[in-house]
$ cat protein_34.txt   # compact mmCIF, C-alpha atoms and all ligand atoms
# COMPACT_ATOMS: atom_id res chain seq x y z
CA MET Y 1 -9.24 -10.84 14.89
CA SER Y 2 -6.65 -9.63 17.31
CA GLU Y 3 -7.53 -10.26 20.96
CA ARG Y 4 -5.02 -7.56 21.89
CA ILE Y 5 -6.93 -4.99 19.85
CA LEU Y 6 -10.30 -6.07 21.26
CA ASP Y 7 -8.87 -5.85 24.76
CA PHE Y 8 -7.48 -2.37 24.09
CA LEU Y 9 -10.86 -1.22 22.75
CA ARG Y 10 -12.72 -2.60 25.78
CA ARG Y 11 -10.54 -0.48 28.06
CA ARG Y 12 -10.51 2.63 25.86
CA GLN Y 13 -11.83 5.76 27.57
CA THR Y 14 -11.86 8.18 24.63
CA ASP Y 15 -14.76 8.87 22.30
CA GLY Y 16 -14.80 8.89 18.51
CA PRO Y 17 -13.57 6.54 15.81
CA CYS Y 18 -10.03 5.23 16.02
CA VAL Y 19 -7.75 2.71 14.40
CA VAL Y 20 -5.73 0.32 16.55
CA VAL Y 21 -2.68 -1.38 15.05
CA ASP Y 22 -1.26 -4.57 16.57
CA LEU Y 23 2.54 -4.69 16.16
CA ASP Y 24 2.59 -8.47 16.72
CA ILE Y 25 0.74 -8.86 13.43
CA VAL Y 26 3.18 -6.53 11.62
CA ARG Y 27 6.02 -8.65 13.03
CA ASP Y 28 4.36 -11.84 11.70
CA ASN Y 29 3.82 -10.21 8.31
CA TYR Y 30 7.47 -9.19 8.06
CA ALA Y 31 8.52 -12.74 8.92
CA ALA Y 32 6.13 -14.11 6.29
CA PHE Y 33 7.76 -11.97 3.57
CA ALA Y 34 11.27 -12.78 4.76
CA ASN Y 35 10.49 -16.52 4.78
CA ALA Y 36 8.59 -16.62 1.50
CA LEU Y 37 11.24 -14.61 -0.36
CA PRO Y 38 14.49 -15.41 1.46
CA ASP Y 39 16.78 -13.92 -1.21
CA THR Y 40 14.75 -10.74 -1.66
CA SER Y 41 15.10 -7.56 0.41
CA VAL Y 42 11.94 -6.10 1.89
CA TYR Y 43 11.48 -2.35 1.40
CA TYR Y 44 8.34 -1.43 3.35
CA ALA Y 45 6.31 1.18 1.42
CA ILE Y 46 5.86 3.55 4.32
CA LYS Y 47 2.96 5.48 2.84
CA ALA Y 48 0.67 2.57 3.81
CA ASN Y 49 1.16 3.41 7.48
CA PRO Y 50 4.02 5.63 8.64
CA ALA Y 51 3.28 5.42 12.40
CA PRO Y 52 6.65 5.76 14.19
CA GLU Y 53 6.03 2.55 16.17
CA VAL Y 54 5.56 0.61 12.91
CA LEU Y 55 8.71 2.11 11.40
CA ASN Y 56 10.74 1.44 14.56
CA LEU Y 57 9.65 -2.18 14.64
CA LEU Y 58 10.43 -2.77 10.97
CA HIS Y 59 13.81 -1.11 11.38
CA GLU Y 60 14.59 -3.46 14.29
CA LEU Y 61 13.51 -6.45 12.19
CA GLY Y 62 15.95 -5.44 9.45
CA SER Y 63 13.56 -4.01 6.88
CA SER Y 64 14.51 -1.41 4.31
CA PHE Y 65 12.11 1.32 3.22
CA ASP Y 66 10.45 2.70 0.10
CA CYS Y 67 9.84 6.44 0.49
CA ALA Y 68 7.80 8.83 -1.65
CA SER Y 69 9.07 12.17 -0.33
CA VAL Y 70 11.75 13.86 1.77
CA GLY Y 71 9.25 13.90 4.65
CA GLU Y 72 9.00 10.11 4.53
CA ILE Y 73 12.80 9.79 4.26
CA GLU Y 74 13.15 11.87 7.44
CA MET Y 75 10.60 9.65 9.24
CA VAL Y 76 12.66 6.58 8.36
CA LEU Y 77 15.97 8.19 9.38
CA ALA Y 78 14.36 9.09 12.73
CA THR Y 79 14.24 5.34 13.52
CA GLY Y 80 18.03 5.20 13.26
CA ALA Y 81 17.93 3.33 9.95
CA ALA Y 82 20.87 4.02 7.64
CA ALA Y 83 20.14 6.02 4.48
CA SER Y 84 21.52 3.07 2.50
CA ARG Y 85 18.31 1.23 3.42
CA ILE Y 86 16.12 3.79 1.68
CA SER Y 87 14.81 3.85 -1.86
CA TYR Y 88 13.34 7.12 -3.12
CA GLY Y 89 10.69 5.33 -5.12
CA ASN Y 90 8.56 8.20 -6.39
CA THR Y 91 9.23 8.88 -10.08
CA ILE Y 92 8.03 12.48 -9.67
CA LYS Y 93 10.46 14.53 -7.57
CA LYS Y 94 11.51 18.16 -7.42
CA GLU Y 95 15.20 18.58 -8.19
CA ARG Y 96 15.73 20.23 -4.80
CA ASP Y 97 14.10 17.26 -3.04
CA ILE Y 98 16.45 14.91 -4.88
CA ALA Y 99 19.33 17.11 -3.66
CA ARG Y 100 17.99 17.02 -0.07
CA ALA Y 101 17.62 13.23 -0.18
CA TYR Y 102 21.17 12.95 -1.54
CA ALA Y 103 22.45 15.19 1.26
CA LEU Y 104 20.71 12.85 3.72
CA GLY Y 105 22.62 9.92 2.20
CA VAL Y 106 20.04 8.39 -0.16
CA ARG Y 107 21.64 6.86 -3.27
CA LEU Y 108 18.80 4.86 -4.85
CA PHE Y 109 16.22 6.63 -7.01
CA ALA Y 110 13.29 5.66 -9.25
CA VAL Y 111 12.88 7.21 -12.70
CA ASP Y 112 10.58 6.66 -15.65
CA CYS Y 113 11.87 9.20 -18.20
CA VAL Y 114 15.09 10.91 -19.29
CA GLU Y 115 13.89 14.25 -17.85
CA GLU Y 116 13.96 12.77 -14.32
CA VAL Y 117 17.32 11.08 -15.02
CA GLU Y 118 18.77 14.47 -15.90
CA LYS Y 119 17.62 15.99 -12.58
CA ILE Y 120 19.25 13.14 -10.66
CA ALA Y 121 22.48 13.41 -12.66
CA ARG Y 122 22.69 17.12 -11.79
CA VAL Y 123 22.25 16.84 -8.01
CA ALA Y 124 22.80 13.22 -6.96
CA THR Y 125 26.05 12.34 -8.72
CA GLY Y 126 26.89 8.65 -9.04
CA SER Y 127 23.60 7.40 -7.57
CA ARG Y 128 21.85 4.22 -8.60
CA VAL Y 129 18.70 4.58 -10.65
CA PHE Y 130 16.09 2.05 -11.64
CA CYS Y 131 13.51 2.58 -14.34
CA ARG Y 132 9.88 1.87 -13.60
CA VAL Y 133 7.93 0.22 -16.40
CA LEU Y 134 4.18 0.29 -16.90
CA CYS Y 135 2.12 -2.73 -15.89
CA ASP Y 136 -1.50 -3.26 -16.90
CA GLY Y 137 -2.67 -3.99 -13.33
CA ILE Y 138 -5.17 -6.63 -14.44
CA GLY Y 139 -6.43 -8.57 -11.45
CA ALA Y 140 -5.80 -5.77 -8.96
CA GLU Y 141 -8.70 -4.47 -6.87
CA TRP Y 142 -6.94 -1.14 -6.57
CA PRO Y 143 -5.34 -0.91 -10.03
CA LEU Y 144 -2.86 1.85 -10.72
CA SER Y 145 -3.22 4.35 -13.51
CA ARG Y 146 -0.65 5.15 -16.19
CA LYS Y 147 0.78 7.86 -13.95
CA PHE Y 148 3.98 5.95 -13.06
CA GLY Y 149 6.26 4.02 -15.35
CA CYS Y 150 7.12 4.07 -19.03
CA ASP Y 151 6.58 1.65 -21.87
CA PRO Y 152 9.12 -1.16 -21.35
CA ALA Y 153 10.43 -0.45 -24.88
CA MET Y 154 11.49 3.03 -23.73
CA ALA Y 155 13.20 1.88 -20.51
CA PRO Y 156 16.56 1.01 -22.16
CA ASP Y 157 16.87 4.56 -23.52
CA VAL Y 158 16.12 6.00 -20.06
CA LEU Y 159 18.69 3.72 -18.41
CA GLU Y 160 21.30 4.27 -21.11
CA ARG Y 161 20.95 8.02 -20.61
CA ALA Y 162 21.55 7.50 -16.88
CA HIS Y 163 24.68 5.49 -17.66
CA CYS Y 164 25.99 8.18 -20.03
CA LEU Y 165 25.44 10.86 -17.38
CA GLY Y 166 27.58 9.00 -14.83
CA LEU Y 167 24.78 7.40 -12.83
CA GLU Y 168 24.63 3.68 -12.20
CA ALA Y 169 21.92 2.14 -14.42
CA TYR Y 170 20.92 -0.27 -11.68
CA GLY Y 171 17.71 -1.99 -12.66
CA VAL Y 172 14.01 -2.09 -13.41
CA SER Y 173 10.91 -1.73 -11.25
CA PHE Y 174 7.21 -2.30 -11.65
CA HIS Y 175 4.07 -2.36 -9.52
CA VAL Y 176 1.47 -4.94 -10.52
CA GLY Y 177 -1.41 -2.97 -8.95
CA SER Y 178 -2.44 -2.84 -5.32
CA GLN Y 179 -4.48 -5.67 -3.76
CA GLN Y 180 -3.34 -7.93 -6.59
CA ALA Y 181 -4.99 -11.33 -6.25
CA ASN Y 182 -3.58 -12.73 -9.49
CA LEU Y 183 -0.34 -14.61 -8.86
CA TRP Y 184 0.47 -14.48 -12.60
CA ALA Y 185 0.83 -10.70 -12.56
CA TRP Y 186 4.47 -10.98 -11.41
CA ASP Y 187 5.24 -13.48 -14.17
CA LEU Y 188 4.16 -11.04 -16.89
CA ALA Y 189 6.01 -8.17 -15.26
CA LEU Y 190 9.21 -10.16 -14.70
CA GLY Y 191 9.11 -11.14 -18.38
CA MET Y 192 9.12 -7.44 -19.28
CA ALA Y 193 11.92 -6.77 -16.81
CA ALA Y 194 14.04 -9.56 -18.35
CA ASP Y 195 13.53 -8.03 -21.82
CA VAL Y 196 14.93 -4.74 -20.53
CA PHE Y 197 17.91 -6.57 -18.96
CA ASN Y 198 18.63 -8.32 -22.28
CA GLU Y 199 18.40 -5.16 -24.35
CA MET Y 200 20.70 -3.31 -21.93
CA SER Y 201 23.16 -6.18 -22.11
CA ARG Y 202 23.20 -5.86 -25.92
CA ARG Y 203 24.09 -2.20 -25.36
CA GLY Y 204 26.95 -3.22 -23.09
CA ILE Y 205 25.36 -2.26 -19.78
CA GLU Y 206 24.62 -4.97 -17.20
CA LEU Y 207 21.66 -4.19 -14.96
CA LYS Y 208 21.66 -5.76 -11.50
CA MET Y 209 18.35 -5.27 -9.71
CA VAL Y 210 14.64 -5.92 -10.15
CA ASN Y 211 12.28 -4.07 -7.83
CA MET Y 212 9.09 -6.13 -7.82
CA GLY Y 213 7.03 -3.45 -6.07
CA GLY Y 214 4.02 -3.98 -3.83
CA GLY Y 215 0.57 -5.34 -4.57
CA PHE Y 216 0.49 -8.13 -1.98
CA PRO Y 217 -3.11 -8.28 -0.77
CA THR Y 218 -4.81 -8.10 2.58
CA ARG Y 219 -7.80 -10.31 3.29
CA TYR Y 220 -10.92 -8.14 3.22
CA LEU Y 221 -14.29 -9.81 2.52
CA LYS Y 222 -12.83 -12.11 -0.11
CA ASP Y 223 -10.18 -14.71 0.57
CA VAL Y 224 -6.75 -14.10 -1.01
CA PRO Y 225 -3.69 -16.32 -1.46
CA GLY Y 226 -1.17 -16.17 1.38
CA VAL Y 227 2.33 -14.70 1.20
CA PRO Y 228 3.92 -18.19 0.68
CA SER Y 229 1.93 -18.61 -2.57
CA TYR Y 230 3.24 -15.26 -3.77
CA GLY Y 231 6.77 -16.25 -2.83
CA GLU Y 232 6.50 -19.46 -4.85
CA ALA Y 233 4.94 -17.77 -7.89
CA ILE Y 234 7.62 -15.07 -7.87
CA PHE Y 235 10.45 -17.57 -7.46
CA HIS Y 236 9.18 -19.62 -10.42
CA ALA Y 237 8.74 -16.52 -12.57
CA LEU Y 238 12.25 -15.30 -11.70
CA THR Y 239 13.89 -18.58 -12.69
CA LYS Y 240 11.72 -18.82 -15.81
CA HIS Y 241 12.78 -15.40 -17.09
CA PHE Y 242 16.32 -15.02 -15.70
CA GLY Y 243 17.51 -18.64 -15.60
CA ASN Y 244 20.50 -19.09 -13.34
CA ARG Y 245 21.50 -15.42 -13.61
CA LEU Y 246 19.08 -14.20 -10.98
CA PRO Y 247 19.17 -10.45 -10.34
CA ILE Y 248 19.23 -8.78 -6.95
CA THR Y 249 15.56 -8.48 -6.02
CA ILE Y 250 13.50 -6.30 -3.73
CA VAL Y 251 9.80 -6.13 -2.87
CA GLU Y 252 7.93 -3.14 -1.49
CA PRO Y 253 4.89 -4.38 0.42
CA GLY Y 254 2.69 -1.67 1.88
CA ARG Y 255 -0.81 -3.06 2.29
CA GLY Y 256 0.51 -6.61 2.71
CA MET Y 257 2.69 -5.54 5.63
CA VAL Y 258 0.15 -3.61 7.72
CA GLY Y 259 -3.36 -4.04 6.26
CA ASN Y 260 -4.52 -6.89 8.49
CA ALA Y 261 -2.76 -5.42 11.56
CA GLY Y 262 -5.29 -2.63 12.12
CA MET Y 263 -8.91 -2.42 13.15
CA ILE Y 264 -11.19 0.61 13.29
CA GLU Y 265 -13.86 1.03 15.93
CA ALA Y 266 -16.71 3.28 14.79
CA GLU Y 267 -20.22 4.10 16.00
CA VAL Y 268 -23.62 4.03 14.31
CA VAL Y 269 -24.87 7.65 14.28
CA LEU Y 270 -28.16 7.16 12.46
CA ILE Y 271 -30.23 4.48 10.76
CA SER Y 272 -33.05 5.76 8.54
CA ARG Y 273 -34.98 5.28 5.31
CA LYS Y 274 -35.69 7.72 2.47
CA SER Y 275 -39.41 6.90 2.18
CA SER Y 276 -41.94 4.84 4.09
CA ASP Y 277 -41.64 1.99 1.58
CA ASP Y 278 -37.85 2.25 1.14
CA GLU Y 279 -36.40 -1.25 1.11
CA LEU Y 280 -32.89 -0.19 1.99
CA ARG Y 281 -31.85 1.29 5.30
CA TRP Y 282 -29.25 4.01 5.31
CA VAL Y 283 -26.68 3.38 8.01
CA TYR Y 284 -24.51 6.38 8.88
CA LEU Y 285 -21.29 5.80 10.80
CA ASP Y 286 -19.09 8.36 12.57
CA ILE Y 287 -16.35 7.59 10.03
CA GLY Y 288 -16.45 7.78 6.25
CA LYS Y 289 -14.49 8.56 3.12
CA PHE Y 290 -12.88 11.65 4.62
CA HIS Y 291 -11.66 10.23 7.92
CA GLY Y 292 -9.93 7.01 6.97
CA LEU Y 293 -12.10 5.01 4.59
CA ALA Y 294 -10.92 6.72 1.38
CA GLU Y 295 -10.26 3.36 -0.25
CA THR Y 296 -14.03 2.77 -0.42
CA MET Y 297 -13.79 5.15 -3.40
CA ASP Y 298 -15.61 3.44 -6.31
CA GLU Y 299 -16.38 0.77 -3.68
CA ALA Y 300 -12.97 -0.74 -4.51
CA ILE Y 301 -12.07 -2.02 -1.08
CA ARG Y 302 -14.85 -3.79 0.83
CA TYR Y 303 -13.95 -4.01 4.48
CA PRO Y 304 -15.30 -6.75 6.75
CA ILE Y 305 -17.54 -5.12 9.38
CA ARG Y 306 -18.42 -6.75 12.71
CA THR Y 307 -21.35 -5.63 14.83
CA PRO Y 308 -22.58 -6.59 18.30
CA LYS Y 309 -25.68 -8.10 16.60
CA ASP Y 310 -23.78 -10.52 14.33
CA GLY Y 311 -25.71 -13.78 13.96
CA ASP Y 312 -29.08 -11.99 13.76
CA GLU Y 313 -30.99 -11.83 10.48
CA THR Y 314 -29.39 -9.40 7.99
CA ALA Y 315 -30.65 -7.08 5.25
CA PRO Y 316 -28.82 -4.88 2.75
CA CYS Y 317 -27.94 -1.31 3.76
CA ILE Y 318 -26.38 1.71 2.19
CA LEU Y 319 -23.39 2.64 4.31
CA ALA Y 320 -22.39 6.30 4.59
CA GLY Y 321 -20.15 8.61 6.57
CA PRO Y 322 -21.08 11.52 8.87
CA THR Y 323 -19.98 14.59 6.87
CA CYS Y 324 -22.15 17.09 4.99
CA ASP Y 325 -20.65 15.98 1.70
CA SER Y 326 -22.80 13.93 -0.61
CA VAL Y 327 -19.89 11.81 -1.89
CA ASP Y 328 -19.30 10.57 1.65
CA VAL Y 329 -21.04 7.26 0.90
CA MET Y 330 -19.02 4.06 1.22
CA TYR Y 331 -21.23 1.33 -0.22
CA GLU Y 332 -24.31 2.03 -2.33
CA LYS Y 333 -23.84 0.40 -5.76
CA THR Y 334 -23.35 -2.89 -3.93
CA PRO Y 335 -25.22 -2.53 -0.64
CA TYR Y 336 -23.76 -4.05 2.50
CA GLU Y 337 -25.48 -6.77 4.54
CA LEU Y 338 -25.91 -5.75 8.17
CA PRO Y 339 -28.11 -7.13 10.97
CA VAL Y 340 -31.71 -5.89 10.99
CA SER Y 341 -31.36 -5.44 14.75
CA LEU Y 342 -28.43 -3.01 14.41
CA SER Y 343 -29.28 0.18 16.32
CA ILE Y 344 -28.17 3.76 16.70
CA GLY Y 345 -25.27 3.97 19.14
CA ASP Y 346 -23.95 0.47 18.42
CA LYS Y 347 -20.21 0.17 18.01
CA VAL Y 348 -18.96 -1.56 14.87
CA LEU Y 349 -15.52 -2.98 14.13
CA ILE Y 350 -14.08 -2.46 10.67
CA GLU Y 351 -11.36 -5.02 10.04
CA ALA Y 352 -8.16 -4.92 7.98
CA CYS Y 353 -7.75 -1.14 8.32
CA GLY Y 354 -4.02 -1.00 9.02
CA ALA Y 355 -3.10 0.33 5.56
CA TYR Y 356 -4.11 3.54 3.81
CA THR Y 357 -6.41 4.83 6.55
CA THR Y 358 -4.69 7.28 8.92
CA THR Y 359 -2.83 9.12 6.18
CA TYR Y 360 -5.91 9.20 3.96
CA SER Y 361 -7.83 11.06 6.68
CA THR Y 362 -8.42 14.80 6.24
CA VAL Y 363 -7.02 17.12 8.90
CA GLY Y 364 -10.46 18.27 9.94
CA PHE Y 365 -12.99 18.35 7.13
CA ASN Y 366 -16.39 19.34 8.55
CA GLY Y 367 -14.83 19.80 11.97
CA PHE Y 368 -14.30 16.08 12.51
CA ALA Y 369 -10.90 15.22 13.98
CA PRO Y 370 -8.44 13.22 11.88
CA LEU Y 371 -8.60 9.47 12.51
CA ALA Y 372 -7.09 8.74 15.91
CA SER Y 373 -4.43 6.04 15.81
CA HIS Y 374 -3.15 3.75 18.57
CA VAL Y 375 -0.29 1.34 18.00
CA ILE Y 376 -0.05 -1.45 20.56
C1 LIG H 1 2.41 2.42 -2.88
C2 LIG H 1 3.61 1.74 -3.37
C3 LIG H 1 3.92 0.46 -2.92
C4 LIG H 1 3.03 -0.33 -1.98
O1 LIG H 1 1.96 -0.89 -2.64
P1 LIG H 1 0.99 -1.92 -1.92
O2 LIG H 1 0.05 -2.34 -3.00
O3 LIG H 1 0.34 -1.22 -0.79
O4 LIG H 1 1.82 -3.05 -1.45
C5 LIG H 1 5.09 -0.11 -3.37
N1 LIG H 1 5.92 0.54 -4.22
C6 LIG H 1 5.65 1.77 -4.68
C7 LIG H 1 6.62 2.44 -5.57
C8 LIG H 1 4.50 2.41 -4.27
O5 LIG H 1 4.23 3.63 -4.73
$ encode --input "protein_34.txt" --output "structure tokens"
Amino acid sequence: MSERILDFLRRRQTDGPCVVVDLDIVRDNYAAFANALPDTSVYYAIKANPAPEVLNLLHELGSSFDCASVGEIEMVLATGAAASRISYGNTIKKERDIARAYALGVRLFAVDCVEEVEKIARVATGSRVFCRVLCDGIGAEWPLSRKFGCDPAMAPDVLERAHCLGLEAYGVSFHVGSQQANLWAWDLALGMAADVFNEMSRRGIELKMVNMGGGFPTRYLKDVPGVPSYGEAIFHALTKHFGNRLPITIVEPGRGMVGNAGMIEAEVVLISRKSSDDELRWVYLDIGKFHGLAETMDEAIRYPIRTPKDGDETAPCILAGPTCDSVDVMYEKTPYELPVSLSIGDKVLIEACGAYTTTYSTVGFNGFAPLASHVI
């Protein structure tokens, strides 16, 4: 727990839920990635938390950036970062957005099919492209669907097409699934990447780069391996699959860079039961799925919650948000243990909320303000 955040919250005058992000923790996280993977460039996936203060800090520390849209590219350029530090990592782009990114200086693009390669060849002449391959995401608490990436067997055709159209067939990318607690996931994925390198080499095209994506976890309720363990596992997998011909490598941490740097303060609005013999209390907070806690969808991410009554006897609760929408329930399938003495009006602290909260908050569903954010 960050003393700086607690201190900020003690002095806060405003009402309503908010997230507070401690830049010292982001700085430590960046250093952890840089130390654990000294030969790998860090491209922060800015969608996790695009607060200008976070982007400015990471720019100062020497980070590069993974962007999903022209809007995100402009946010990164506003820090003063050079366009050469940006990867346009979304495989689904309008041709005119590719052209705008190219006009802004971006020369590195993700693809996962020949149709996208053709768009890039038309409006971003000579750029580097890397092909994203599908990963099964086993072991990830927030697994990704089949939306991004192609079968690794198709990747050589995609990259060869890029080469024939005058682009630089630069490399391969994957994402092992977000909140990935399985250190072996990168080994499997790097094996696939090496197969693509070998096949391209047979076709006379030498790829250079492997983009190892994000997936580095944040500690929520369950313990997770630290960044050094990931660094070691990745280094071993790289040497196993590429021998002494190591490619240029990049990682794109989002959650792992900012998740543990943020804390939400929320308030208990109501505690009630559905019948006189109901065993479970319903605890309603002034924040829910629509105002920052979207990752409780399917109860995937279980945040640690602190209350002023911690240490008292606990009992399971159903935890829900404040809106008039019946899906605004965070934890019901697996109820959440909270103190029996918890009362209406108590403030609770939801930890590890630095990633995927502010930007997952609606602009005003039900008249509730978007999640307020303070970066200290
Ligand atoms: C979202 C995303 C990331 C970040 O993923 P985390 O699991 O938050 O680290 C990295 N790369 C790409 C291409 C992404 O879309």
$ atom_distance --input "protein_34.txt" --atom1 "atom CA of Y:Val70" --atom2 "atom CA of Y:Val375"
23.8 Å
$ closest_residue --input "protein_34.txt" --among "Y:Leu190, Y:Ser272, Y:Gly367, Y:Glu265" --to "Y:Gly243" --atoms "only C-alpha atoms"
Y:Leu190
$ atom_distance --input "protein_34.txt" --atom1 "atom CA of Y:Leu144" --atom2 "atom CA of Y:Met192"
17.4 Å
$ residues_near_ligand --input "protein_34.txt" --ligand "ligand LIG 1 (chain H)" --cutoff "6 Å" --atoms "only C-alpha atoms and all ligand atoms" --output "list in words"
Ala45, Ala48, Gly89, Ser178, Gln179, Gly213, Gly214, Gly215, Phe216, Glu252, Pro253, Gly254, Arg255 and Gly256 of chain Y
$ write_last_selection --input "protein_34.txt" --atoms "C-alpha atoms" --output "PDB file, keeping the file's coordinate frame"
ATOM      1  CA  ALA Y  45       6.310   1.180   1.420  1.00  0.00           C
ATOM      2  CA  ALA Y  48       0.670   2.570   3.810  1.00  0.00           C
ATOM      3  CA  GLY Y  89      10.690   5.330  -5.120  1.00  0.00           C
ATOM      4  CA  SER Y 178      -2.440  -2.840  -5.320  1.00  0.00           C
ATOM      5  CA  GLN Y 179      -4.480  -5.670  -3.760  1.00  0.00           C
ATOM      6  CA  GLY Y 213       7.030  -3.450  -6.070  1.00  0.00           C
ATOM      7  CA  GLY Y 214       4.020  -3.980  -3.830  1.00  0.00           C
ATOM      8  CA  GLY Y 215       0.570  -5.340  -4.570  1.00  0.00           C
ATOM      9  CA  PHE Y 216       0.490  -8.130  -1.980  1.00  0.00           C
ATOM     10  CA  GLU Y 252       7.930  -3.140  -1.490  1.00  0.00           C
ATOM     11  CA  PRO Y 253       4.890  -4.380   0.420  1.00  0.00           C
ATOM     12  CA  GLY Y 254       2.690  -1.670   1.880  1.00  0.00           C
ATOM     13  CA  ARG Y 255      -0.810  -3.060   2.290  1.00  0.00           C
ATOM     14  CA  GLY Y 256       0.510  -6.610   2.710  1.00  0.00           C
TER      15      GLY Y 256
END
$ residues_near_point --input "protein_34.txt" --point "(-14.4, 6.7, 9.0)" --cutoff "9 Å" --atoms "only C-alpha atoms" --output "ChimeraX atom specification"
/Y:17-18,264-266,285-294,321-322,357,361,371
$ residues_around --input "protein_34.txt" --residues "stretch 193-202 of chain Y" --least-positions-apart "3" --cutoff "8 Å" --atoms "all atoms listed in the file" --output "PyMOL selection string"
chain Y and resi 152-153+155-156+160+171-173+189-190+205-207+210+241-242
